[in-house]
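Printed here is upload-v7.cif (mmCIF, C-alpha atoms, pLDDT in the B column; chains and numbers go by the auth columns):
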data_my_file
#
loop_
_atom_site.group_PDB
_atom_site.id
_atom_site.type_symbol
_atom_site.label_atom_id
_atom_site.label_comp_id
_atom_site.label_asym_id
_atom_site.label_seq_id
_atom_site.Cartn_x
_atom_site.Cartn_y
_atom_site.Cartn_z
_atom_site.B_iso_or_equiv
_atom_site.auth_seq_id
_atom_site.auth_asym_id
ATOM 1 C CA GLY A 1 9.988 14.097 -1.576 54.00 1 A
ATOM 2 C CA ALA A 2 9.327 16.459 1.282 81.00 2 A
ATOM 3 C CA GLY A 3 6.090 16.097 3.161 92.00 3 A
ATOM 4 C CA VAL A 4 3.830 18.748 4.616 95.00 4 A
ATOM 5 C CA SER A 5 5.672 21.000 7.021 96.00 5 A
ATOM 6 C CA GLN A 6 4.270 23.294 9.667 97.00 6 A
ATOM 7 C CA SER A 7 5.765 25.990 11.821 96.00 7 A
ATOM 8 C CA PRO A 8 6.148 26.631 14.627 96.00 8 A
ATOM 9 C CA SER A 9 5.875 23.188 16.175 95.00 9 A
ATOM 10 C CA ASN A 10 4.849 24.736 19.472 96.00 10 A
ATOM 11 C CA LYS A 11 3.416 28.141 20.289 97.00 11 A
ATOM 12 C CA VAL A 12 2.596 29.498 23.710 97.00 12 A
ATOM 13 C CA THR A 13 0.768 32.790 23.812 97.00 13 A
ATOM 14 C CA GLU A 14 -1.172 34.940 26.192 97.00 14 A
ATOM 15 C CA LYS A 15 -4.899 35.337 25.977 97.00 15 A
ATOM 16 C CA GLY A 16 -5.833 38.198 23.698 97.00 16 A
ATOM 17 C CA LYS A 17 -2.746 38.019 21.489 97.00 17 A
ATOM 18 C CA ASP A 18 -2.814 37.197 17.782 98.00 18 A
ATOM 19 C CA VAL A 19 -0.993 34.162 16.412 98.00 19 A
ATOM 20 C CA GLU A 20 -0.010 32.993 12.942 98.00 20 A
ATOM 21 C CA LEU A 21 0.515 29.376 12.034 98.00 21 A
ATOM 22 C CA ARG A 22 2.214 28.390 8.815 97.00 22 A
ATOM 23 C CA CYS A 23 1.785 25.417 6.515 97.00 23 A
ATOM 24 C CA ASP A 24 3.928 24.370 3.571 96.00 24 A
ATOM 25 C CA PRO A 25 2.055 21.744 1.569 95.00 25 A
ATOM 26 C CA ILE A 26 3.586 19.083 -0.599 94.00 26 A
ATOM 27 C CA SER A 27 4.817 20.666 -3.821 92.00 27 A
ATOM 28 C CA GLY A 28 2.245 20.406 -6.581 90.00 28 A
ATOM 29 C CA HIS A 29 -0.684 19.669 -4.288 92.00 29 A
ATOM 30 C CA THR A 30 -3.549 21.983 -5.142 91.00 30 A
ATOM 31 C CA ALA A 31 -5.764 21.206 -2.167 91.00 31 A
ATOM 32 C CA LEU A 32 -4.933 22.339 1.359 93.00 32 A
ATOM 33 C CA TYR A 33 -6.898 21.762 4.546 94.00 33 A
ATOM 34 C CA TRP A 34 -6.639 23.019 8.105 96.00 34 A
ATOM 35 C CA TYR A 35 -7.902 20.928 10.993 95.00 35 A
ATOM 36 C CA ARG A 36 -7.553 21.207 14.733 95.00 36 A
ATOM 37 C CA GLN A 37 -7.547 18.632 17.474 91.00 37 A
ATOM 38 C CA SER A 38 -8.620 19.771 20.888 89.00 38 A
ATOM 39 C CA LEU A 39 -8.032 17.697 24.003 81.00 39 A
ATOM 40 C CA GLY A 40 -10.191 14.577 23.855 75.00 40 A
ATOM 41 C CA GLN A 41 -11.676 15.518 20.499 79.00 41 A
ATOM 42 C CA GLY A 42 -11.315 14.196 17.007 79.00 42 A
ATOM 43 C CA LEU A 43 -9.836 16.290 14.275 87.00 43 A
ATOM 44 C CA GLU A 44 -12.157 19.147 13.438 91.00 44 A
ATOM 45 C CA PHE A 45 -12.206 20.642 9.945 90.00 45 A
ATOM 46 C CA LEU A 46 -11.536 24.386 9.763 94.00 46 A
ATOM 47 C CA ILE A 47 -10.957 25.538 6.183 93.00 47 A
ATOM 48 C CA TYR A 48 -10.227 24.178 2.719 91.00 48 A
ATOM 49 C CA PHE A 49 -8.380 25.718 -0.227 91.00 49 A
ATOM 50 C CA GLN A 50 -8.555 24.282 -3.722 89.00 50 A
ATOM 51 C CA GLY A 51 -6.445 25.921 -6.398 84.00 51 A
ATOM 52 C CA ASN A 52 -7.541 29.483 -7.060 82.00 52 A
ATOM 53 C CA SER A 53 -11.112 28.939 -5.926 84.00 53 A
ATOM 54 C CA ALA A 54 -12.595 30.787 -2.996 85.00 54 A
ATOM 55 C CA PRO A 55 -11.836 28.851 0.192 88.00 55 A
ATOM 56 C CA ASP A 56 -14.452 26.857 2.019 88.00 56 A
ATOM 57 C CA LYS A 57 -14.541 28.501 5.440 89.00 57 A
ATOM 58 C CA SER A 58 -17.472 26.525 6.763 86.00 58 A
ATOM 59 C CA GLY A 59 -15.487 24.976 9.604 89.00 59 A
ATOM 60 C CA LEU A 60 -14.031 28.140 11.093 92.00 60 A
ATOM 61 C CA PRO A 61 -15.393 28.430 14.660 92.00 61 A
ATOM 62 C CA SER A 62 -15.516 32.210 14.826 93.00 62 A
ATOM 63 C CA ASP A 63 -14.577 35.357 12.949 94.00 63 A
ATOM 64 C CA ARG A 64 -11.372 35.507 14.962 97.00 64 A
ATOM 65 C CA PHE A 65 -10.080 32.756 12.698 97.00 65 A
ATOM 66 C CA SER A 66 -8.896 33.437 9.171 95.00 66 A
ATOM 67 C CA ALA A 67 -6.587 31.815 6.682 95.00 67 A
ATOM 68 C CA GLU A 68 -4.974 32.674 3.426 94.00 68 A
ATOM 69 C CA ARG A 69 -3.022 30.810 0.848 93.00 69 A
ATOM 70 C CA THR A 70 -0.515 32.769 -1.166 84.00 70 A
ATOM 71 C CA GLY A 71 0.431 31.757 -4.673 81.00 71 A
ATOM 72 C CA GLY A 72 -1.461 28.500 -4.307 77.00 72 A
ATOM 73 C CA SER A 73 1.192 27.134 -2.004 90.00 73 A
ATOM 74 C CA VAL A 74 2.004 28.297 1.535 94.00 74 A
ATOM 75 C CA SER A 75 -0.921 28.877 3.859 96.00 75 A
ATOM 76 C CA THR A 76 -1.176 30.901 7.041 97.00 76 A
ATOM 77 C CA LEU A 77 -3.855 30.401 9.675 97.00 77 A
ATOM 78 C CA THR A 78 -4.356 33.476 11.833 97.00 78 A
ATOM 79 C CA ILE A 79 -6.160 33.521 15.145 97.00 79 A
ATOM 80 C CA GLN A 80 -6.900 36.959 16.501 97.00 80 A
ATOM 81 C CA ARG A 81 -7.475 37.771 20.165 97.00 81 A
ATOM 82 C CA THR A 82 -6.752 34.220 21.203 97.00 82 A
ATOM 83 C CA GLN A 83 -8.855 32.573 23.886 96.00 83 A
ATOM 84 C CA GLN A 84 -8.009 29.647 26.119 95.00 84 A
ATOM 85 C CA GLU A 85 -10.433 27.416 24.221 94.00 85 A
ATOM 86 C CA ASP A 86 -8.276 27.931 21.119 96.00 86 A
ATOM 87 C CA SER A 87 -5.612 25.742 22.712 96.00 87 A
ATOM 88 C CA ALA A 88 -5.272 22.727 20.444 96.00 88 A
ATOM 89 C CA VAL A 89 -3.040 21.045 17.905 95.00 89 A
ATOM 90 C CA TYR A 90 -3.547 22.657 14.524 97.00 90 A
ATOM 91 C CA LEU A 91 -2.929 20.297 11.633 96.00 91 A
ATOM 92 C CA CYS A 92 -2.505 21.092 7.990 96.00 92 A
ATOM 93 C CA ALA A 93 -3.022 18.578 5.209 94.00 93 A
ATOM 94 C CA SER A 94 -2.637 18.680 1.464 93.00 94 A
ATOM 95 C CA SER A 95 -3.819 16.452 -1.341 91.00 95 A
ATOM 96 C CA ARG A 96 -3.017 16.225 -4.998 89.00 96 A
ATOM 97 C CA ALA A 97 -6.238 17.620 -6.413 81.00 97 A
ATOM 98 C CA GLY A 98 -8.839 17.676 -3.663 73.00 98 A
ATOM 99 C CA ALA A 99 -10.878 14.866 -5.157 73.00 99 A
ATOM 100 C CA TRP A 100 -12.801 12.876 -2.625 69.00 100 A
ATOM 101 C CA THR A 101 -10.559 9.870 -3.041 74.00 101 A
ATOM 102 C CA ASP A 102 -7.278 11.781 -2.964 82.00 102 A
ATOM 103 C CA THR A 103 -5.212 10.924 0.059 86.00 103 A
ATOM 104 C CA GLN A 104 -4.711 13.794 2.461 90.00 104 A
ATOM 105 C CA TYR A 105 -1.177 14.029 3.795 93.00 105 A
ATOM 106 C CA PHE A 106 -0.810 15.665 7.151 94.00 106 A
ATOM 107 C CA GLY A 107 1.913 17.800 8.631 95.00 107 A
ATOM 108 C CA PRO A 108 3.177 17.281 12.180 94.00 108 A
ATOM 109 C CA GLY A 109 0.961 20.009 13.565 95.00 109 A
ATOM 110 C CA THR A 110 1.421 23.113 15.662 97.00 110 A
ATOM 111 C CA ARG A 111 0.569 22.807 19.330 96.00 111 A
ATOM 112 C CA LEU A 112 -0.970 26.079 20.452 97.00 112 A
ATOM 113 C CA THR A 113 -1.284 26.847 24.139 96.00 113 A
ATOM 114 C CA VAL A 114 -3.153 29.959 25.196 97.00 114 A
ATOM 115 C CA LEU A 115 -2.442 30.958 28.783 95.00 115 A
ATOM 116 C CA ASP B 1 -22.354 17.034 16.647 73.00 1 B
ATOM 117 C CA GLN B 2 -19.963 14.109 16.200 85.00 2 B
ATOM 118 C CA GLN B 3 -20.847 12.461 12.910 91.00 3 B
ATOM 119 C CA VAL B 4 -18.109 9.862 13.193 94.00 4 B
ATOM 120 C CA LYS B 5 -17.781 8.039 16.480 94.00 5 B
ATOM 121 C CA GLN B 6 -15.194 5.765 17.974 95.00 6 B
ATOM 122 C CA ASN B 7 -16.648 4.585 21.239 93.00 7 B
ATOM 123 C CA SER B 8 -13.557 2.796 22.507 95.00 8 B
ATOM 124 C CA PRO B 9 -10.877 5.271 23.541 93.00 9 B
ATOM 125 C CA SER B 10 -8.350 2.500 24.066 96.00 10 B
ATOM 126 C CA LEU B 11 -7.640 -1.124 23.223 97.00 11 B
ATOM 127 C CA SER B 12 -4.907 -3.500 24.373 97.00 12 B
ATOM 128 C CA VAL B 13 -4.013 -6.617 22.422 98.00 13 B
ATOM 129 C CA GLN B 14 -1.322 -9.259 22.732 97.00 14 B
ATOM 130 C CA GLU B 15 1.270 -9.400 19.985 97.00 15 B
ATOM 131 C CA GLY B 16 0.255 -11.842 17.274 97.00 16 B
ATOM 132 C CA ARG B 17 -3.453 -11.563 18.040 97.00 17 B
ATOM 133 C CA ILE B 18 -6.081 -9.710 16.055 98.00 18 B
ATOM 134 C CA SER B 19 -6.864 -6.064 16.791 98.00 19 B
ATOM 135 C CA ILE B 20 -10.354 -4.885 15.912 98.00 20 B
ATOM 136 C CA LEU B 21 -11.076 -1.185 15.962 98.00 21 B
ATOM 137 C CA ASN B 22 -14.639 -0.022 15.493 98.00 22 B
ATOM 138 C CA CYS B 23 -16.230 3.091 14.100 97.00 23 B
ATOM 139 C CA ASP B 24 -19.819 4.259 13.640 97.00 24 B
ATOM 140 C CA TYR B 25 -21.151 7.140 11.606 96.00 25 B
ATOM 141 C CA THR B 26 -24.460 8.938 11.414 95.00 26 B
ATOM 142 C CA ASN B 27 -24.417 10.759 8.085 91.00 27 B
ATOM 143 C CA SER B 28 -25.782 8.639 5.242 91.00 28 B
ATOM 144 C CA MET B 29 -24.137 11.015 2.753 89.00 29 B
ATOM 145 C CA PHE B 30 -20.709 9.662 3.590 91.00 30 B
ATOM 146 C CA ASP B 31 -19.317 7.708 0.681 89.00 31 B
ATOM 147 C CA TYR B 32 -15.686 7.195 1.463 91.00 32 B
ATOM 148 C CA PHE B 33 -14.100 5.965 4.637 94.00 33 B
ATOM 149 C CA LEU B 34 -10.536 5.969 5.819 93.00 34 B
ATOM 150 C CA TRP B 35 -8.354 4.943 8.685 96.00 35 B
ATOM 151 C CA TYR B 36 -5.438 7.063 9.796 95.00 36 B
ATOM 152 C CA LYS B 37 -2.729 6.131 12.240 95.00 37 B
ATOM 153 C CA LYS B 38 -1.070 8.681 14.473 92.00 38 B
ATOM 154 C CA TYR B 39 2.089 8.514 16.556 92.00 39 B
ATOM 155 C CA PRO B 40 2.809 11.123 19.231 86.00 40 B
ATOM 156 C CA ALA B 41 4.090 14.451 17.919 82.00 41 B
ATOM 157 C CA GLU B 42 3.384 13.435 14.336 87.00 42 B
ATOM 158 C CA GLY B 43 0.511 14.125 11.987 89.00 43 B
ATOM 159 C CA PRO B 44 -1.898 11.337 11.071 91.00 44 B
ATOM 160 C CA THR B 45 -0.774 9.063 8.279 92.00 45 B
ATOM 161 C CA PHE B 46 -3.124 7.381 5.891 92.00 46 B
ATOM 162 C CA LEU B 47 -3.519 3.665 6.431 95.00 47 B
ATOM 163 C CA ILE B 48 -6.344 2.224 4.373 95.00 48 B
ATOM 164 C CA SER B 49 -9.598 3.314 2.786 93.00 49 B
ATOM 165 C CA ILE B 50 -12.830 1.914 1.411 94.00 50 B
ATOM 166 C CA SER B 51 -15.508 3.340 -0.807 90.00 51 B
ATOM 167 C CA SER B 52 -19.164 2.785 -0.138 91.00 52 B
ATOM 168 C CA ILE B 53 -19.549 0.431 -3.089 91.00 53 B
ATOM 169 C CA LYS B 54 -17.397 -2.144 -1.340 93.00 54 B
ATOM 170 C CA ASP B 55 -17.773 -3.991 1.912 95.00 55 B
ATOM 171 C CA LYS B 56 -14.168 -5.053 2.354 97.00 56 B
ATOM 172 C CA ASN B 57 -10.726 -3.812 1.459 96.00 57 B
ATOM 173 C CA GLU B 58 -7.535 -5.576 2.375 97.00 58 B
ATOM 174 C CA ASP B 59 -3.938 -4.388 2.403 96.00 59 B
ATOM 175 C CA GLY B 60 -1.455 -6.754 3.965 97.00 60 B
ATOM 176 C CA ARG B 61 -2.191 -7.140 7.652 97.00 61 B
ATOM 177 C CA PHE B 62 -4.911 -4.480 7.516 98.00 62 B
ATOM 178 C CA THR B 63 -8.492 -5.075 6.463 98.00 63 B
ATOM 179 C CA VAL B 64 -11.341 -2.605 6.614 98.00 64 B
ATOM 180 C CA PHE B 65 -14.932 -3.809 6.662 97.00 65 B
ATOM 181 C CA LEU B 66 -17.902 -1.598 5.877 97.00 66 B
ATOM 182 C CA ASN B 67 -21.515 -2.297 6.820 96.00 67 B
ATOM 183 C CA LYS B 68 -23.507 0.508 5.226 94.00 68 B
ATOM 184 C CA SER B 69 -26.860 -0.571 6.564 95.00 69 B
ATOM 185 C CA ALA B 70 -25.499 -0.424 10.099 96.00 70 B
ATOM 186 C CA LYS B 71 -23.363 2.664 9.370 96.00 71 B
ATOM 187 C CA HIS B 72 -20.448 0.818 10.868 97.00 72 B
ATOM 188 C CA LEU B 73 -16.909 0.107 9.835 96.00 73 B
ATOM 189 C CA SER B 74 -14.073 -1.711 11.449 97.00 74 B
ATOM 190 C CA LEU B 75 -10.350 -2.096 11.025 98.00 75 B
ATOM 191 C CA HIS B 76 -8.786 -5.497 11.583 98.00 76 B
ATOM 192 C CA ILE B 77 -5.061 -5.837 12.121 98.00 77 B
ATOM 193 C CA VAL B 78 -3.732 -9.358 12.076 97.00 78 B
ATOM 194 C CA PRO B 79 -1.293 -10.315 13.354 97.00 79 B
ATOM 195 C CA SER B 80 -0.831 -7.307 15.609 98.00 80 B
ATOM 196 C CA GLN B 81 2.716 -6.088 16.145 97.00 81 B
ATOM 197 C CA PRO B 82 4.182 -3.789 18.825 96.00 82 B
ATOM 198 C CA GLY B 83 4.899 -1.203 16.120 95.00 83 B
ATOM 199 C CA ASP B 84 1.180 -0.958 15.508 97.00 84 B
ATOM 200 C CA SER B 85 0.774 0.778 18.868 97.00 85 B
ATOM 201 C CA ALA B 86 -0.624 4.201 18.008 96.00 86 B
ATOM 202 C CA VAL B 87 -3.850 6.172 17.949 95.00 87 B
ATOM 203 C CA TYR B 88 -6.136 5.139 15.111 97.00 88 B
ATOM 204 C CA PHE B 89 -8.616 7.614 13.670 95.00 89 B
ATOM 205 C CA CYS B 90 -11.597 6.671 11.593 96.00 90 B
ATOM 206 C CA ALA B 91 -12.605 9.281 9.012 93.00 91 B
ATOM 207 C CA ALA B 92 -15.307 9.772 6.423 93.00 92 B
ATOM 208 C CA SER B 93 -15.952 12.080 3.526 89.00 93 B
ATOM 209 C CA LYS B 94 -18.757 12.938 1.145 84.00 94 B
ATOM 210 C CA VAL B 95 -18.614 12.900 -2.629 71.00 95 B
ATOM 211 C CA THR B 96 -19.851 16.472 -2.809 67.00 96 B
ATOM 212 C CA GLY B 97 -18.676 19.485 -0.920 63.00 97 B
ATOM 213 C CA ALA B 98 -15.267 20.430 0.331 62.00 98 B
ATOM 214 C CA ASN B 99 -14.040 16.847 0.568 68.00 99 B
ATOM 215 C CA ASN B 100 -12.872 17.564 4.058 80.00 100 B
ATOM 216 C CA LEU B 101 -12.642 14.607 6.353 86.00 101 B
ATOM 217 C CA PHE B 102 -14.871 14.047 9.346 90.00 102 B
ATOM 218 C CA PHE B 103 -12.865 12.315 12.029 92.00 103 B
ATOM 219 C CA GLY B 104 -13.699 10.213 15.025 93.00 104 B
ATOM 220 C CA THR B 105 -12.052 10.861 18.375 92.00 105 B
ATOM 221 C CA GLY B 106 -9.547 8.050 17.963 93.00 106 B
ATOM 222 C CA THR B 107 -8.737 4.741 19.617 96.00 107 B
ATOM 223 C CA ARG B 108 -5.389 4.224 21.271 96.00 108 B
ATOM 224 C CA LEU B 109 -4.121 0.754 20.427 97.00 109 B
ATOM 225 C CA THR B 110 -1.460 -0.836 22.568 97.00 110 B
ATOM 226 C CA VAL B 111 0.073 -4.071 21.348 97.00 111 B
ATOM 227 C CA ILE B 112 1.720 -5.899 24.204 97.00 112 B
ATOM 228 C CA PRO B 113 4.866 -7.851 23.303 94.00 113 B
#

For this file, produce the structure as structure tokens.
Amino acid sequence: GAGVSQSPSNKVTEKGKDVELRCDPISGHTALYWYRQSLGQGLEFLIYFQGNSAPDKSGLPSDRFSAERTGGSVSTLTIQRTQQEDSAVYLCASSRAGAWTDTQYFGPGTRLTVL
Amino acid sequence: DQQVKQNSPSLSVQEGRISILNCDYTNSMFDYFLWYKKYPAEGPTFLISISSIKDKNEDGRFTVFLNKSAKHLSLHIVPSQPGDSAVYFCAASKVTGANNLFFGTGTRLTVIP
């Protein structure tokens, strides 16, 4: 079946602009995660959605970052007033039920460049 | 604060030899450990995992070893193949909480034909 898809694959924006990144998880997966990988860094957790529960936003670096998940499927990560330090690859992952042993399947990522 | 560390950013190994990738962690609450493999322009793909109740898990050419007392795990690939050339990320998760993964910074493995 189809894997996790993300769009766009690349996004170049000017400092101060807002951007939206989209994630389509694997059909039927109830858990969805956003991570980002900055240059020379490991993947950093941002936010976690599980079913209809309130999301875990503990990894969001600032209030400029927000995410929503509509209908328990597609998720959008929004970065407002982008800064140069937001430049990174943003990765989305989904898992079947969010249990700690469930494999997380990653999308190809969106490379964000803030000029 | 990097809770999962991969101190070797790169490793080169001859084809057919063993590749050993190392990972250390600091959080004693971690109970589940994973290795992901990543090719350029692709997302990480799951490779192998181990729970804290085990000290070894094997899957074909890949074996993960866990030393809880030392907070250390390693991935052994034997024999190494050119197609194994990729960036390998070590990751850990806790039983409680969001079940998000804590990743290391990765080790780039190059297998020389």

Correct to one decimal, the distance atom CA of Phe30 of chain B-atom CA of Val95 of chain B is 7.3 Å

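Proximity of B:Thr105, B:Ser19, B:Gln14, B:Thr110 to chain A, computed with all atoms listed in the file, is greatest for B:Thr105.
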
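Atom pair atom CA of Ile18 of chain B / atom CA of Asp84 of chain B has a distance of 11.4 Å (rounded to one decimal).
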
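Taking atom CA of Arg69 of chain A and atom CA of Glu14 of chain A as the two end points, the separation is 25.7 Å.
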
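When all atoms listed in the file are used to compute distances to chain A, the closest of the residues B:Arg17, B:Arg61, B:Lys94, B:Arg108 turns out to be B:Lys94.
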
Select, counting only C-alpha atoms, all protein, DNA and RNA residues no farther than 8 Å from (-6.2, -3.5, 24.4) in file coordinates, and express the selection as an MDAnalysis selection string.
chainID B and resid 10:14 109:111

Using all atoms listed in the file, the residue out of A:Thr30, A:Ser66, A:Gln104, A:Ser75 with shortest distance to Ser49 of chain B is A:Gln104

Could you list the residues chosen by the PyMOL selection byres ((chain A) within 10 of (chain B)) in this structure as an MDAnalysis selection string?
chainID A and resid 4:5 9 31:35 37:50 55:59 89:93 98:111

Box dimensions and centre (Å, one decimal) enclosing segment 51-67 of chain A, axis-aligned, 8 Å extra per side, as lines of an AutoDock Vina configuration file:
center_x = -12.0
center_y = 30.2
center_z = 4.0
size_x = 27.0
size_y = 26.5
size_z = 38.0

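Nearest to Phe62 of chain B of all the residues B:Thr107, B:Ser28, B:Gln3, B:Gln81 is B:Gln81, based on only C-alpha atoms.
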
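Distance annotation: of A:Ser7, A:Thr113, A:Ser27, A:Asn52, the residue with the minimal separation from Gln84 of chain A is A:Thr113; atom set is all atoms listed in the file.
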
Using only C-alpha atoms, which of A:Gln80, A:Ser87, A:Ser73, A:Ser95 sits nearest Asp18 of chain A?
A:Gln80

Report as a list in words all protein, DNA and RNA residues lying within 7 Å of segment 19-22 of chain A, evaluated on only C-alpha atoms, omitting residues in the same chain fewer than 2 positions from it.
Gln6, Ser7, Pro8, Lys17, Asp24, Ser75, Thr76, Leu77, Thr78, Ile79 and Gln80 of chain A

Written selection (C-alpha atoms) as a compact mmCIF listing (two decimals), keeping the file's coordinate frame:
# COMPACT_ATOMS: atom_id res chain seq x y z
CA GLN A 6 4.27 23.29 9.67
CA SER A 7 5.76 25.99 11.82
CA PRO A 8 6.15 26.63 14.63
CA LYS A 17 -2.75 38.02 21.49
CA ASP A 24 3.93 24.37 3.57
CA SER A 75 -0.92 28.88 3.86
CA THR A 76 -1.18 30.90 7.04
CA LEU A 77 -3.86 30.40 9.68
CA THR A 78 -4.36 33.48 11.83
CA ILE A 79 -6.16 33.52 15.14
CA GLN A 80 -6.90 36.96 16.50

Which residues, written as an MDAnalysis selection string, have at least one atom at most 7 Å from Pro82 of chain B, with all atoms listed in the file counted and residues fewer than 4 positions away on the same chain left out?
chainID B and resid 15 111:113

Could you add the missing atoms to segment 29-43 of chain B, up to N, CA, C and O atoms, and return them as a PDB file, in the frame of the given file?
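And here's out-v5.pdb as it stands now:
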ATOM      1  N   MET B  29     -24.760  10.446   3.950  1.00 89.00           N
ATOM      2  CA  MET B  29     -24.137  11.015   2.753  1.00 89.00           C
ATOM      3  C   MET B  29     -22.662  10.652   2.634  1.00 89.00           C
ATOM      4  O   MET B  29     -22.033  10.908   1.614  1.00 89.00           O
ATOM      5  N   PHE B  30     -22.101  10.057   3.664  1.00 91.00           N
ATOM      6  CA  PHE B  30     -20.709   9.662   3.590  1.00 91.00           C
ATOM      7  C   PHE B  30     -20.546   8.542   2.580  1.00 91.00           C
ATOM      8  O   PHE B  30     -21.307   7.569   2.570  1.00 91.00           O
ATOM      9  N   ASP B  31     -19.526   8.705   1.727  1.00 89.00           N
ATOM     10  CA  ASP B  31     -19.317   7.708   0.681  1.00 89.00           C
ATOM     11  C   ASP B  31     -17.928   7.101   0.689  1.00 89.00           C
ATOM     12  O   ASP B  31     -17.661   6.191  -0.081  1.00 89.00           O
ATOM     13  N   TYR B  32     -17.081   7.648   1.504  1.00 91.00           N
ATOM     14  CA  TYR B  32     -15.686   7.195   1.463  1.00 91.00           C
ATOM     15  C   TYR B  32     -15.172   7.204   2.881  1.00 91.00           C
ATOM     16  O   TYR B  32     -15.395   8.177   3.615  1.00 91.00           O
ATOM     17  N   PHE B  33     -14.501   6.134   3.244  1.00 94.00           N
ATOM     18  CA  PHE B  33     -14.100   5.965   4.637  1.00 94.00           C
ATOM     19  C   PHE B  33     -12.622   5.617   4.699  1.00 94.00           C
ATOM     20  O   PHE B  33     -12.097   4.897   3.841  1.00 94.00           O
ATOM     21  N   LEU B  34     -11.981   6.135   5.718  1.00 93.00           N
ATOM     22  CA  LEU B  34     -10.536   5.969   5.819  1.00 93.00           C
ATOM     23  C   LEU B  34     -10.141   5.685   7.255  1.00 93.00           C
ATOM     24  O   LEU B  34     -10.859   6.034   8.193  1.00 93.00           O
ATOM     25  N   TRP B  35      -8.992   5.088   7.379  1.00 96.00           N
ATOM     26  CA  TRP B  35      -8.354   4.943   8.685  1.00 96.00           C
ATOM     27  C   TRP B  35      -6.993   5.620   8.614  1.00 96.00           C
ATOM     28  O   TRP B  35      -6.235   5.420   7.657  1.00 96.00           O
ATOM     29  N   TYR B  36      -6.728   6.417   9.645  1.00 95.00           N
ATOM     30  CA  TYR B  36      -5.438   7.063   9.796  1.00 95.00           C
ATOM     31  C   TYR B  36      -4.811   6.570  11.090  1.00 95.00           C
ATOM     32  O   TYR B  36      -5.497   6.269  12.062  1.00 95.00           O
ATOM     33  N   LYS B  37      -3.499   6.557  11.079  1.00 95.00           N
ATOM     34  CA  LYS B  37      -2.729   6.131  12.240  1.00 95.00           C
ATOM     35  C   LYS B  37      -1.891   7.317  12.689  1.00 95.00           C
ATOM     36  O   LYS B  37      -1.353   8.050  11.857  1.00 95.00           O
ATOM     37  N   LYS B  38      -1.808   7.510  13.988  1.00 92.00           N
ATOM     38  CA  LYS B  38      -1.070   8.681  14.473  1.00 92.00           C
ATOM     39  C   LYS B  38      -0.160   8.301  15.631  1.00 92.00           C
ATOM     40  O   LYS B  38      -0.604   7.740  16.632  1.00 92.00           O
ATOM     41  N   TYR B  39       1.124   8.639  15.466  1.00 92.00           N
ATOM     42  CA  TYR B  39       2.089   8.514  16.556  1.00 92.00           C
ATOM     43  C   TYR B  39       2.193   9.867  17.256  1.00 92.00           C
ATOM     44  O   TYR B  39       1.903  10.910  16.661  1.00 92.00           O
ATOM     45  N   PRO B  40       2.645   9.864  18.498  1.00 86.00           N
ATOM     46  CA  PRO B  40       2.809  11.123  19.231  1.00 86.00           C
ATOM     47  C   PRO B  40       3.699  12.100  18.485  1.00 86.00           C
ATOM     48  O   PRO B  40       4.695  11.712  17.874  1.00 86.00           O
ATOM     49  N   ALA B  41       3.330  13.351  18.512  1.00 82.00           N
ATOM     50  CA  ALA B  41       4.090  14.451  17.919  1.00 82.00           C
ATOM     51  C   ALA B  41       4.212  14.346  16.394  1.00 82.00           C
ATOM     52  O   ALA B  41       5.061  15.018  15.794  1.00 82.00           O
ATOM     53  N   GLU B  42       3.412  13.515  15.796  1.00 87.00           N
ATOM     54  CA  GLU B  42       3.384  13.435  14.336  1.00 87.00           C
ATOM     55  C   GLU B  42       1.965  13.647  13.849  1.00 87.00           C
ATOM     56  O   GLU B  42       1.002  13.446  14.587  1.00 87.00           O
ATOM     57  N   GLY B  43       1.837  14.032  12.573  1.00 89.00           N
ATOM     58  CA  GLY B  43       0.511  14.125  11.987  1.00 89.00           C
ATOM     59  C   GLY B  43      -0.014  12.743  11.649  1.00 89.00           C
ATOM     60  O   GLY B  43       0.741  11.780  11.572  1.00 89.00           O
TER      61      GLY B  43
END
